[in-house]
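Asker: A single structure is presented below for examination.
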Amino acid sequence: MSDSYDGYEGLNRLALDRAGQAEAFNAIASSYDSAFPHKEGQRAAGAWLAAALPDGSRVLDVGCGTGLPTARQLSGAGHRVVGVDLSATMIRMARENVPAAEFHHLDLADLRDGRLGGPGSFDGVAAFFSLLMLPRAEIPYALRMLHTLLRPEGLLALSMVESDVDDYPIPFLGNTIRVSGYLRDDLRHVVRDAGFEVTGEDSYAYAPASTDVPPEIQLFLHLRRA
């Protein structure tokens, strides 16, 4: 596995244009947590990550949203949390919700330049429902970049919605977002190809409190940098 970000540069730059996604999440930021009130799977995966990491670990929260529940959960466990999100509104809310953490208005792909730390600068990563906002062509590159940012044996808590779609538009809290997904066997292959060992796995049937978002199967993987 190469400790290089060069692969990300090989993507078509149009694939990294997420202005529409950012606008949608800015619009729904204030209603997001009320629309998704029950997050048992995310809380359980966050608890695994918080407990499995050494005390005071530096943890990257990718797509941190409002900081709830993950950044607050990890920060409350004594870890040094660095959150990133493409929504400026959600970043403002996260700073209010979790003042002990550090938050940046950045796209995931912006991390390839090492601005928050180079290879091996994080002990752990939480990526809950953030990679599903990428087209499938980008997801392996993003996973390899996260692999690079982790120290050897570093941990990644990853969640995706189980679905066989690629950059597919869906209605979402009165807006439209584009999502990608994998069937669970395919997701296992993708993370292993990116250099991760699967150490645990859970799935949850989830019905959001919003009527325009259909029920879904959420997959949570506990991963270690191999």
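Residue numbers start at 1 in each chain; chains themselves are named A, B, ... in the order of the structure tokens; ligands are numbered from 1 in the order shown.
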If you run DSSP on this backbone, which residues of region 33-198 of chain A come out as alpha helix (DSSP H), and could you give them as a PDB file with N, CA, C and O atoms, in the first residue's frame?
Answerer:
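Output (selection-v1.pdb):
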```pdb
ATOM      1  N   ASP A  33     -30.907  16.418  12.776  1.00  0.00           N
ATOM      2  CA  ASP A  33     -30.896  15.559  13.962  1.00  0.00           C
ATOM      3  C   ASP A  33     -32.298  15.144  14.383  1.00  0.00           C
ATOM      4  O   ASP A  33     -32.498  14.028  14.874  1.00  0.00           O
ATOM      5  N   SER A  34     -33.283  16.008  14.172  1.00  0.00           N
ATOM      6  CA  SER A  34     -34.656  15.626  14.516  1.00  0.00           C
ATOM      7  C   SER A  34     -35.211  14.620  13.517  1.00  0.00           C
ATOM      8  O   SER A  34     -36.068  13.796  13.872  1.00  0.00           O
ATOM      9  N   ALA A  35     -34.748  14.654  12.281  1.00  0.00           N
ATOM     10  CA  ALA A  35     -35.211  13.690  11.274  1.00  0.00           C
ATOM     11  C   ALA A  35     -34.581  12.319  11.477  1.00  0.00           C
ATOM     12  O   ALA A  35     -35.141  11.303  11.052  1.00  0.00           O
ATOM     13  N   GLU A  40     -28.816   4.153  17.000  1.00  0.00           N
ATOM     14  CA  GLU A  40     -28.227   3.094  17.813  1.00  0.00           C
ATOM     15  C   GLU A  40     -26.980   2.505  17.169  1.00  0.00           C
ATOM     16  O   GLU A  40     -25.977   2.258  17.834  1.00  0.00           O
ATOM     17  N   GLY A  41     -27.041   2.256  15.857  1.00  0.00           N
ATOM     18  CA  GLY A  41     -25.893   1.682  15.171  1.00  0.00           C
ATOM     19  C   GLY A  41     -24.698   2.601  15.194  1.00  0.00           C
ATOM     20  O   GLY A  41     -23.557   2.165  15.457  1.00  0.00           O
ATOM     21  N   GLN A  42     -24.914   3.874  14.940  1.00  0.00           N
ATOM     22  CA  GLN A  42     -23.822   4.837  14.939  1.00  0.00           C
ATOM     23  C   GLN A  42     -23.242   4.991  16.339  1.00  0.00           C
ATOM     24  O   GLN A  42     -22.014   5.069  16.512  1.00  0.00           O
ATOM     25  N   ARG A  43     -24.097   5.027  17.344  1.00  0.00           N
ATOM     26  CA  ARG A  43     -23.608   5.146  18.712  1.00  0.00           C
ATOM     27  C   ARG A  43     -22.791   3.910  19.115  1.00  0.00           C
ATOM     28  O   ARG A  43     -21.758   4.017  19.774  1.00  0.00           O
ATOM     29  N   ALA A  44     -23.263   2.738  18.713  1.00  0.00           N
ATOM     30  CA  ALA A  44     -22.546   1.509  19.056  1.00  0.00           C
ATOM     31  C   ALA A  44     -21.181   1.472  18.387  1.00  0.00           C
ATOM     32  O   ALA A  44     -20.174   1.100  19.003  1.00  0.00           O
ATOM     33  N   ALA A  45     -21.122   1.855  17.109  1.00  0.00           N
ATOM     34  CA  ALA A  45     -19.840   1.865  16.399  1.00  0.00           C
ATOM     35  C   ALA A  45     -18.913   2.936  16.966  1.00  0.00           C
ATOM     36  O   ALA A  45     -17.697   2.732  17.072  1.00  0.00           O
ATOM     37  N   GLY A  46     -19.485   4.079  17.343  1.00  0.00           N
ATOM     38  CA  GLY A  46     -18.674   5.117  17.975  1.00  0.00           C
ATOM     39  C   GLY A  46     -18.133   4.670  19.315  1.00  0.00           C
ATOM     40  O   GLY A  46     -16.989   4.980  19.674  1.00  0.00           O
ATOM     41  N   ALA A  47     -18.940   3.909  20.065  1.00  0.00           N
ATOM     42  CA  ALA A  47     -18.485   3.396  21.360  1.00  0.00           C
ATOM     43  C   ALA A  47     -17.351   2.394  21.173  1.00  0.00           C
ATOM     44  O   ALA A  47     -16.391   2.377  21.959  1.00  0.00           O
ATOM     45  N   TRP A  48     -17.468   1.548  20.131  1.00  0.00           N
ATOM     46  CA  TRP A  48     -16.362   0.622  19.836  1.00  0.00           C
ATOM     47  C   TRP A  48     -15.079   1.383  19.553  1.00  0.00           C
ATOM     48  O   TRP A  48     -14.015   1.071  20.111  1.00  0.00           O
ATOM     49  N   LEU A  49     -15.167   2.396  18.689  1.00  0.00           N
ATOM     50  CA  LEU A  49     -13.976   3.154  18.314  1.00  0.00           C
ATOM     51  C   LEU A  49     -13.388   3.862  19.529  1.00  0.00           C
ATOM     52  O   LEU A  49     -12.170   3.826  19.763  1.00  0.00           O
ATOM     53  N   ALA A  50     -14.245   4.490  20.327  1.00  0.00           N
ATOM     54  CA  ALA A  50     -13.769   5.229  21.499  1.00  0.00           C
ATOM     55  C   ALA A  50     -13.054   4.310  22.477  1.00  0.00           C
ATOM     56  O   ALA A  50     -12.026   4.683  23.063  1.00  0.00           O
ATOM     57  N   ALA A  51     -13.574   3.100  22.677  1.00  0.00           N
ATOM     58  CA  ALA A  51     -12.995   2.182  23.650  1.00  0.00           C
ATOM     59  C   ALA A  51     -11.759   1.469  23.127  1.00  0.00           C
ATOM     60  O   ALA A  51     -10.843   1.141  23.896  1.00  0.00           O
ATOM     61  N   ALA A  52     -11.713   1.223  21.807  1.00  0.00           N
ATOM     62  CA  ALA A  52     -10.610   0.451  21.235  1.00  0.00           C
ATOM     63  C   ALA A  52      -9.350   1.278  21.043  1.00  0.00           C
ATOM     64  O   ALA A  52      -8.253   0.722  20.951  1.00  0.00           O
ATOM     65  N   THR A  70     -21.401  11.624  17.153  1.00  0.00           N
ATOM     66  CA  THR A  70     -20.074  11.008  17.148  1.00  0.00           C
ATOM     67  C   THR A  70     -18.971  11.888  17.726  1.00  0.00           C
ATOM     68  O   THR A  70     -18.206  11.441  18.583  1.00  0.00           O
ATOM     69  N   ALA A  71     -18.850  13.121  17.258  1.00  0.00           N
ATOM     70  CA  ALA A  71     -17.777  13.975  17.769  1.00  0.00           C
ATOM     71  C   ALA A  71     -17.921  14.177  19.270  1.00  0.00           C
ATOM     72  O   ALA A  71     -16.932  14.144  20.011  1.00  0.00           O
ATOM     73  N   ARG A  72     -19.154  14.379  19.736  1.00  0.00           N
ATOM     74  CA  ARG A  72     -19.375  14.539  21.172  1.00  0.00           C
ATOM     75  C   ARG A  72     -19.015  13.250  21.919  1.00  0.00           C
ATOM     76  O   ARG A  72     -18.408  13.295  22.992  1.00  0.00           O
ATOM     77  N   GLN A  73     -19.380  12.123  21.348  1.00  0.00           N
ATOM     78  CA  GLN A  73     -19.114  10.828  21.977  1.00  0.00           C
ATOM     79  C   GLN A  73     -17.605  10.587  22.107  1.00  0.00           C
ATOM     80  O   GLN A  73     -17.111  10.206  23.168  1.00  0.00           O
ATOM     81  N   LEU A  74     -16.874  10.822  21.035  1.00  0.00           N
ATOM     82  CA  LEU A  74     -15.431  10.595  21.047  1.00  0.00           C
ATOM     83  C   LEU A  74     -14.707  11.606  21.920  1.00  0.00           C
ATOM     84  O   LEU A  74     -13.778  11.270  22.659  1.00  0.00           O
ATOM     85  N   SER A  75     -15.126  12.859  21.844  1.00  0.00           N
ATOM     86  CA  SER A  75     -14.519  13.896  22.667  1.00  0.00           C
ATOM     87  C   SER A  75     -14.787  13.625  24.139  1.00  0.00           C
ATOM     88  O   SER A  75     -13.898  13.782  24.993  1.00  0.00           O
ATOM     89  N   GLY A  76     -16.001  13.187  24.451  1.00  0.00           N
ATOM     90  CA  GLY A  76     -16.348  12.881  25.831  1.00  0.00           C
ATOM     91  C   GLY A  76     -15.548  11.721  26.399  1.00  0.00           C
ATOM     92  O   GLY A  76     -15.381  11.609  27.622  1.00  0.00           O
ATOM     93  N   ALA A  88     -20.991  24.261   5.569  1.00  0.00           N
ATOM     94  CA  ALA A  88     -20.547  25.313   6.490  1.00  0.00           C
ATOM     95  C   ALA A  88     -21.530  25.477   7.645  1.00  0.00           C
ATOM     96  O   ALA A  88     -21.128  25.744   8.786  1.00  0.00           O
ATOM     97  N   THR A  89     -22.821  25.307   7.371  1.00  0.00           N
ATOM     98  CA  THR A  89     -23.828  25.452   8.429  1.00  0.00           C
ATOM     99  C   THR A  89     -23.668  24.359   9.472  1.00  0.00           C
ATOM    100  O   THR A  89     -23.747  24.617  10.684  1.00  0.00           O
ATOM    101  N   MET A  90     -23.450  23.131   9.033  1.00  0.00           N
ATOM    102  CA  MET A  90     -23.264  22.046   9.988  1.00  0.00           C
ATOM    103  C   MET A  90     -21.985  22.219  10.802  1.00  0.00           C
ATOM    104  O   MET A  90     -21.952  21.899  11.990  1.00  0.00           O
ATOM    105  N   ILE A  91     -20.954  22.741  10.201  1.00  0.00           N
ATOM    106  CA  ILE A  91     -19.712  22.986  10.933  1.00  0.00           C
ATOM    107  C   ILE A  91     -19.944  24.013  12.035  1.00  0.00           C
ATOM    108  O   ILE A  91     -19.453  23.863  13.167  1.00  0.00           O
ATOM    109  N   ARG A  92     -20.711  25.067  11.737  1.00  0.00           N
ATOM    110  CA  ARG A  92     -21.015  26.053  12.780  1.00  0.00           C
ATOM    111  C   ARG A  92     -21.776  25.404  13.936  1.00  0.00           C
ATOM    112  O   ARG A  92     -21.505  25.685  15.112  1.00  0.00           O
ATOM    113  N   MET A  93     -22.726  24.541  13.620  1.00  0.00           N
ATOM    114  CA  MET A  93     -23.484  23.861  14.667  1.00  0.00           C
ATOM    115  C   MET A  93     -22.599  22.908  15.457  1.00  0.00           C
ATOM    116  O   MET A  93     -22.728  22.795  16.681  1.00  0.00           O
ATOM    117  N   ALA A  94     -21.687  22.212  14.774  1.00  0.00           N
ATOM    118  CA  ALA A  94     -20.786  21.289  15.459  1.00  0.00           C
ATOM    119  C   ALA A  94     -19.900  22.023  16.457  1.00  0.00           C
ATOM    120  O   ALA A  94     -19.657  21.529  17.576  1.00  0.00           O
ATOM    121  N   ARG A  95     -19.416  23.196  16.088  1.00  0.00           N
ATOM    122  CA  ARG A  95     -18.566  23.960  17.008  1.00  0.00           C
ATOM    123  C   ARG A  95     -19.336  24.358  18.261  1.00  0.00           C
ATOM    124  O   ARG A  95     -18.763  24.417  19.354  1.00  0.00           O
ATOM    125  N   GLU A  96     -20.634  24.617  18.117  1.00  0.00           N
ATOM    126  CA  GLU A  96     -21.458  24.949  19.281  1.00  0.00           C
ATOM    127  C   GLU A  96     -21.751  23.702  20.110  1.00  0.00           C
ATOM    128  O   GLU A  96     -21.740  23.749  21.344  1.00  0.00           O
ATOM    129  N   ASN A  97     -22.012  22.587  19.428  1.00  0.00           N
ATOM    130  CA  ASN A  97     -22.392  21.357  20.126  1.00  0.00           C
ATOM    131  C   ASN A  97     -21.225  20.670  20.832  1.00  0.00           C
ATOM    132  O   ASN A  97     -21.411  20.023  21.867  1.00  0.00           O
ATOM    133  N   ILE A 139     -14.852   6.327  -4.198  1.00  0.00           N
ATOM    134  CA  ILE A 139     -14.815   5.702  -2.876  1.00  0.00           C
ATOM    135  C   ILE A 139     -13.519   4.930  -2.620  1.00  0.00           C
ATOM    136  O   ILE A 139     -12.914   5.075  -1.541  1.00  0.00           O
ATOM    137  N   PRO A 140     -13.017   4.115  -3.549  1.00  0.00           N
ATOM    138  CA  PRO A 140     -11.737   3.434  -3.278  1.00  0.00           C
ATOM    139  C   PRO A 140     -10.583   4.399  -3.050  1.00  0.00           C
ATOM    140  O   PRO A 140      -9.702   4.143  -2.210  1.00  0.00           O
ATOM    141  N   TYR A 141     -10.565   5.515  -3.783  1.00  0.00           N
ATOM    142  CA  TYR A 141      -9.516   6.513  -3.582  1.00  0.00           C
ATOM    143  C   TYR A 141      -9.623   7.121  -2.185  1.00  0.00           C
ATOM    144  O   TYR A 141      -8.619   7.326  -1.495  1.00  0.00           O
ATOM    145  N   ALA A 142     -10.855   7.431  -1.768  1.00  0.00           N
ATOM    146  CA  ALA A 142     -11.070   8.014  -0.444  1.00  0.00           C
ATOM    147  C   ALA A 142     -10.631   7.047   0.648  1.00  0.00           C
ATOM    148  O   ALA A 142      -9.988   7.443   1.627  1.00  0.00           O
ATOM    149  N   LEU A 143     -10.967   5.775   0.496  1.00  0.00           N
ATOM    150  CA  LEU A 143     -10.568   4.780   1.494  1.00  0.00           C
ATOM    151  C   LEU A 143      -9.054   4.637   1.563  1.00  0.00           C
ATOM    152  O   LEU A 143      -8.480   4.523   2.654  1.00  0.00           O
ATOM    153  N   ARG A 144      -8.383   4.660   0.418  1.00  0.00           N
ATOM    154  CA  ARG A 144      -6.926   4.552   0.435  1.00  0.00           C
ATOM    155  C   ARG A 144      -6.286   5.779   1.074  1.00  0.00           C
ATOM    156  O   ARG A 144      -5.254   5.676   1.748  1.00  0.00           O
ATOM    157  N   MET A 145      -6.916   6.950   0.875  1.00  0.00           N
ATOM    158  CA  MET A 145      -6.398   8.140   1.519  1.00  0.00           C
ATOM    159  C   MET A 145      -6.554   8.041   3.033  1.00  0.00           C
ATOM    160  O   MET A 145      -5.639   8.389   3.798  1.00  0.00           O
ATOM    161  N   LEU A 146      -7.707   7.558   3.499  1.00  0.00           N
ATOM    162  CA  LEU A 146      -7.907   7.385   4.938  1.00  0.00           C
ATOM    163  C   LEU A 146      -6.926   6.355   5.490  1.00  0.00           C
ATOM    164  O   LEU A 146      -6.406   6.512   6.602  1.00  0.00           O
ATOM    165  N   HIS A 147      -6.661   5.316   4.723  1.00  0.00           N
ATOM    166  CA  HIS A 147      -5.657   4.325   5.102  1.00  0.00           C
ATOM    167  C   HIS A 147      -4.303   5.002   5.318  1.00  0.00           C
ATOM    168  O   HIS A 147      -3.586   4.730   6.290  1.00  0.00           O
ATOM    169  N   THR A 148      -3.944   5.902   4.431  1.00  0.00           N
ATOM    170  CA  THR A 148      -2.677   6.615   4.528  1.00  0.00           C
ATOM    171  C   THR A 148      -2.645   7.538   5.748  1.00  0.00           C
ATOM    172  O   THR A 148      -1.618   7.652   6.426  1.00  0.00           O
ATOM    173  N   LEU A 149      -3.762   8.193   6.031  1.00  0.00           N
ATOM    174  CA  LEU A 149      -3.801   9.121   7.156  1.00  0.00           C
ATOM    175  C   LEU A 149      -3.725   8.411   8.502  1.00  0.00           C
ATOM    176  O   LEU A 149      -3.338   9.017   9.505  1.00  0.00           O
ATOM    177  N   ARG A 184     -23.448  -5.887   0.794  1.00  0.00           N
ATOM    178  CA  ARG A 184     -22.451  -6.028   1.855  1.00  0.00           C
ATOM    179  C   ARG A 184     -21.218  -6.821   1.440  1.00  0.00           C
ATOM    180  O   ARG A 184     -20.103  -6.476   1.843  1.00  0.00           O
ATOM    181  N   ASP A 185     -21.367  -7.857   0.623  1.00  0.00           N
ATOM    182  CA  ASP A 185     -20.182  -8.595   0.179  1.00  0.00           C
ATOM    183  C   ASP A 185     -19.273  -7.708  -0.664  1.00  0.00           C
ATOM    184  O   ASP A 185     -18.036  -7.768  -0.547  1.00  0.00           O
ATOM    185  N   ASP A 186     -19.882  -6.878  -1.499  1.00  0.00           N
ATOM    186  CA  ASP A 186     -19.087  -5.966  -2.328  1.00  0.00           C
ATOM    187  C   ASP A 186     -18.372  -4.929  -1.472  1.00  0.00           C
ATOM    188  O   ASP A 186     -17.216  -4.571  -1.751  1.00  0.00           O
ATOM    189  N   LEU A 187     -19.038  -4.441  -0.424  1.00  0.00           N
ATOM    190  CA  LEU A 187     -18.406  -3.464   0.455  1.00  0.00           C
ATOM    191  C   LEU A 187     -17.203  -4.071   1.159  1.00  0.00           C
ATOM    192  O   LEU A 187     -16.156  -3.429   1.291  1.00  0.00           O
ATOM    193  N   ARG A 188     -17.334  -5.315   1.595  1.00  0.00           N
ATOM    194  CA  ARG A 188     -16.190  -5.981   2.232  1.00  0.00           C
ATOM    195  C   ARG A 188     -14.997  -6.032   1.277  1.00  0.00           C
ATOM    196  O   ARG A 188     -13.851  -5.802   1.679  1.00  0.00           O
ATOM    197  N   HIS A 189     -15.255  -6.349   0.018  1.00  0.00           N
ATOM    198  CA  HIS A 189     -14.166  -6.410  -0.971  1.00  0.00           C
ATOM    199  C   HIS A 189     -13.517  -5.039  -1.157  1.00  0.00           C
ATOM    200  O   HIS A 189     -12.288  -4.936  -1.247  1.00  0.00           O
ATOM    201  N   VAL A 190     -14.332  -3.990  -1.211  1.00  0.00           N
ATOM    202  CA  VAL A 190     -13.802  -2.645  -1.444  1.00  0.00           C
ATOM    203  C   VAL A 190     -12.883  -2.217  -0.303  1.00  0.00           C
ATOM    204  O   VAL A 190     -11.790  -1.679  -0.530  1.00  0.00           O
ATOM    205  N   VAL A 191     -13.295  -2.466   0.948  1.00  0.00           N
ATOM    206  CA  VAL A 191     -12.457  -2.030   2.068  1.00  0.00           C
ATOM    207  C   VAL A 191     -11.191  -2.878   2.179  1.00  0.00           C
ATOM    208  O   VAL A 191     -10.116  -2.364   2.529  1.00  0.00           O
ATOM    209  N   ARG A 192     -11.295  -4.151   1.864  1.00  0.00           N
ATOM    210  CA  ARG A 192     -10.093  -4.997   1.901  1.00  0.00           C
ATOM    211  C   ARG A 192      -9.115  -4.598   0.815  1.00  0.00           C
ATOM    212  O   ARG A 192      -7.898  -4.583   1.038  1.00  0.00           O
ATOM    213  N   ASP A 193      -9.630  -4.271  -0.363  1.00  0.00           N
ATOM    214  CA  ASP A 193      -8.756  -3.824  -1.447  1.00  0.00           C
ATOM    215  C   ASP A 193      -8.044  -2.525  -1.098  1.00  0.00           C
ATOM    216  O   ASP A 193      -6.956  -2.247  -1.615  1.00  0.00           O
TER     217      ASP A 193
END
```
Asker: Near Gly120 (chain A), counting only C-alpha atoms, which residues have an atom at most 12 Å away, once you skip same-chain residues fewer than 3 positions from it, shown as a PDB file with N, CA and C atoms, in the first residue's frame?
Answerer:
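Dumped to around-v5.pdb:
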```pdb
ATOM      1  N   ASP A   3       1.967   5.061   0.539  1.00  0.00           N
ATOM      2  CA  ASP A   3       1.624   6.225   1.338  1.00  0.00           C
ATOM      3  C   ASP A   3       1.685   7.459   0.452  1.00  0.00           C
ATOM      4  N   SER A   4       0.821   7.516  -0.521  1.00  0.00           N
ATOM      5  CA  SER A   4       0.800   8.620  -1.471  1.00  0.00           C
ATOM      6  C   SER A   4      -0.630   9.010  -1.754  1.00  0.00           C
ATOM      7  N   ARG A  58      -5.885  10.861  18.573  1.00  0.00           N
ATOM      8  CA  ARG A  58      -6.334  11.859  17.603  1.00  0.00           C
ATOM      9  C   ARG A  58      -7.236  11.150  16.592  1.00  0.00           C
ATOM     10  N   VAL A  59      -8.489  11.617  16.492  1.00  0.00           N
ATOM     11  CA  VAL A  59      -9.493  10.927  15.694  1.00  0.00           C
ATOM     12  C   VAL A  59     -10.091  11.888  14.678  1.00  0.00           C
ATOM     13  N   LEU A  60     -10.176  11.445  13.430  1.00  0.00           N
ATOM     14  CA  LEU A  60     -10.787  12.223  12.356  1.00  0.00           C
ATOM     15  C   LEU A  60     -12.241  11.797  12.198  1.00  0.00           C
ATOM     16  N   GLY A 114      -2.657  16.868   2.853  1.00  0.00           N
ATOM     17  CA  GLY A 114      -2.014  16.786   4.149  1.00  0.00           C
ATOM     18  C   GLY A 114      -2.229  17.986   5.041  1.00  0.00           C
ATOM     19  N   LEU A 116      -4.336  18.683   7.329  1.00  0.00           N
ATOM     20  CA  LEU A 116      -4.637  18.380   8.732  1.00  0.00           C
ATOM     21  C   LEU A 116      -3.666  17.365   9.314  1.00  0.00           C
ATOM     22  N   GLY A 117      -2.603  17.122   8.589  1.00  0.00           N
ATOM     23  CA  GLY A 117      -1.609  16.150   9.029  1.00  0.00           C
ATOM     24  C   GLY A 117      -1.335  15.165   7.918  1.00  0.00           C
ATOM     25  N   ASP A 123      -4.941   8.380  14.793  1.00  0.00           N
ATOM     26  CA  ASP A 123      -5.040   7.053  15.402  1.00  0.00           C
ATOM     27  C   ASP A 123      -6.320   6.343  14.980  1.00  0.00           C
ATOM     28  N   GLY A 124      -7.355   7.115  14.703  1.00  0.00           N
ATOM     29  CA  GLY A 124      -8.633   6.544  14.330  1.00  0.00           C
ATOM     30  C   GLY A 124      -9.403   7.468  13.405  1.00  0.00           C
ATOM     31  N   VAL A 125     -10.354   6.887  12.695  1.00  0.00           N
ATOM     32  CA  VAL A 125     -11.233   7.640  11.796  1.00  0.00           C
ATOM     33  C   VAL A 125     -12.648   7.123  11.983  1.00  0.00           C
ATOM     34  N   MET A 145      -6.916   6.950   0.875  1.00  0.00           N
ATOM     35  CA  MET A 145      -6.398   8.140   1.519  1.00  0.00           C
ATOM     36  C   MET A 145      -6.554   8.041   3.033  1.00  0.00           C
ATOM     37  N   LEU A 146      -7.707   7.558   3.499  1.00  0.00           N
ATOM     38  CA  LEU A 146      -7.907   7.385   4.938  1.00  0.00           C
ATOM     39  C   LEU A 146      -6.926   6.355   5.490  1.00  0.00           C
ATOM     40  N   HIS A 147      -6.661   5.316   4.723  1.00  0.00           N
ATOM     41  CA  HIS A 147      -5.657   4.325   5.102  1.00  0.00           C
ATOM     42  C   HIS A 147      -4.303   5.002   5.318  1.00  0.00           C
ATOM     43  N   THR A 148      -3.944   5.902   4.431  1.00  0.00           N
ATOM     44  CA  THR A 148      -2.677   6.615   4.528  1.00  0.00           C
ATOM     45  C   THR A 148      -2.645   7.538   5.748  1.00  0.00           C
ATOM     46  N   LEU A 149      -3.762   8.193   6.031  1.00  0.00           N
ATOM     47  CA  LEU A 149      -3.801   9.121   7.156  1.00  0.00           C
ATOM     48  C   LEU A 149      -3.725   8.411   8.502  1.00  0.00           C
ATOM     49  N   LEU A 150      -4.095   7.143   8.543  1.00  0.00           N
ATOM     50  CA  LEU A 150      -4.049   6.380   9.787  1.00  0.00           C
ATOM     51  C   LEU A 150      -2.635   5.886  10.087  1.00  0.00           C
ATOM     52  N   ARG A 151      -2.308   5.836  11.359  1.00  0.00           N
ATOM     53  CA  ARG A 151      -1.066   5.193  11.776  1.00  0.00           C
ATOM     54  C   ARG A 151      -1.184   3.690  11.538  1.00  0.00           C
ATOM     55  N   PRO A 152      -0.078   2.963  11.486  1.00  0.00           N
ATOM     56  CA  PRO A 152      -0.156   1.503  11.386  1.00  0.00           C
ATOM     57  C   PRO A 152      -1.027   0.928  12.502  1.00  0.00           C
ATOM     58  N   GLU A 153      -1.901   0.017  12.159  1.00  0.00           N
ATOM     59  CA  GLU A 153      -2.868  -0.593  13.077  1.00  0.00           C
ATOM     60  C   GLU A 153      -3.964   0.382  13.507  1.00  0.00           C
ATOM     61  N   GLY A 154      -4.043   1.553  12.871  1.00  0.00           N
ATOM     62  CA  GLY A 154      -5.104   2.508  13.185  1.00  0.00           C
ATOM     63  C   GLY A 154      -6.471   1.953  12.831  1.00  0.00           C
ATOM     64  N   LEU A 155      -7.506   2.530  13.430  1.00  0.00           N
ATOM     65  CA  LEU A 155      -8.857   1.991  13.320  1.00  0.00           C
ATOM     66  C   LEU A 155      -9.779   2.917  12.540  1.00  0.00           C
ATOM     67  N   ARG A 225      -6.294  -0.759   9.953  1.00  0.00           N
ATOM     68  CA  ARG A 225      -5.322  -0.601   8.877  1.00  0.00           C
ATOM     69  C   ARG A 225      -4.394  -1.803   8.885  1.00  0.00           C
TER      70      ARG A 225
END
```
Asker: Select from region 117-214 of chain A every residue with an atom at most 9 Å from any atom of region 24-31 of chain A, then for each give the shortest pair of atoms and their distance in Å to one decimal, using only C-alpha atoms, rows by chain and rising number, as CSV.
Answerer:
```
residue,atom,partner,partner_atom,distance
A:Phe172,CA,A:Ala24,CA,8.5
A:Leu173,CA,A:Ile28,CA,6.7
A:Gly174,CA,A:Ile28,CA,8.1
A:Asn175,CA,A:Ala24,CA,5.9
A:Thr176,CA,A:Ala24,CA,6.8
A:Ile177,CA,A:Ala24,CA,6.8
```
Asker: May I ask for the distance between CA of Met133 (chain A) and CA of Leu68 (chain A), given in Å to one decimal place?
Answerer: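 Taking CA of Met133 (chain A) as the start and CA of Leu68 (chain A) as the end point, the length is 18.4 Å.
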Asker: Would you list, as a PyMOL selection string, the residues of chain A that end up in strand (DSSP E) under DSSP run on this structure's backbone?
Answerer: chain A and resi 58-62+80-85+102-105+122-128+150-161+168-172+175-179+196-206+216-225
Asker: Could you list, as a JSON list (two decimals) with C-alpha atoms, in the first residue's frame, every residue within 9 Å of Gly63 (chain A), counting only C-alpha atoms and ignoring same-chain residues fewer than 5 positions away?
Answerer:
```json
[["chain", "number", "residue", "atom", "x", "y", "z"],
["A", 83, "GLY", "CA", -14.13, 16.97, 12.34],
["A", 84, "VAL", "CA", -14.57, 17.90, 8.68],
["A", 85, "ASP", "CA", -17.75, 18.51, 6.70],
["A", 86, "LEU", "CA", -18.64, 20.10, 3.37],
["A", 87, "SER", "CA", -21.57, 22.00, 4.95],
["A", 107, "ASP", "CA", -14.37, 18.38, 1.62],
["A", 108, "LEU", "CA", -12.96, 14.93, 2.28],
["A", 126, "ALA", "CA", -15.02, 7.71, 11.97],
["A", 127, "ALA", "CA", -16.78, 7.84, 8.60],
["A", 128, "PHE", "CA", -20.49, 7.45, 9.27],
["A", 129, "PHE", "CA", -22.59, 7.78, 6.10],
["A", 130, "SER", "CA", -20.09, 10.20, 4.54],
["A", 131, "LEU", "CA", -18.55, 8.01, 1.84]]
```
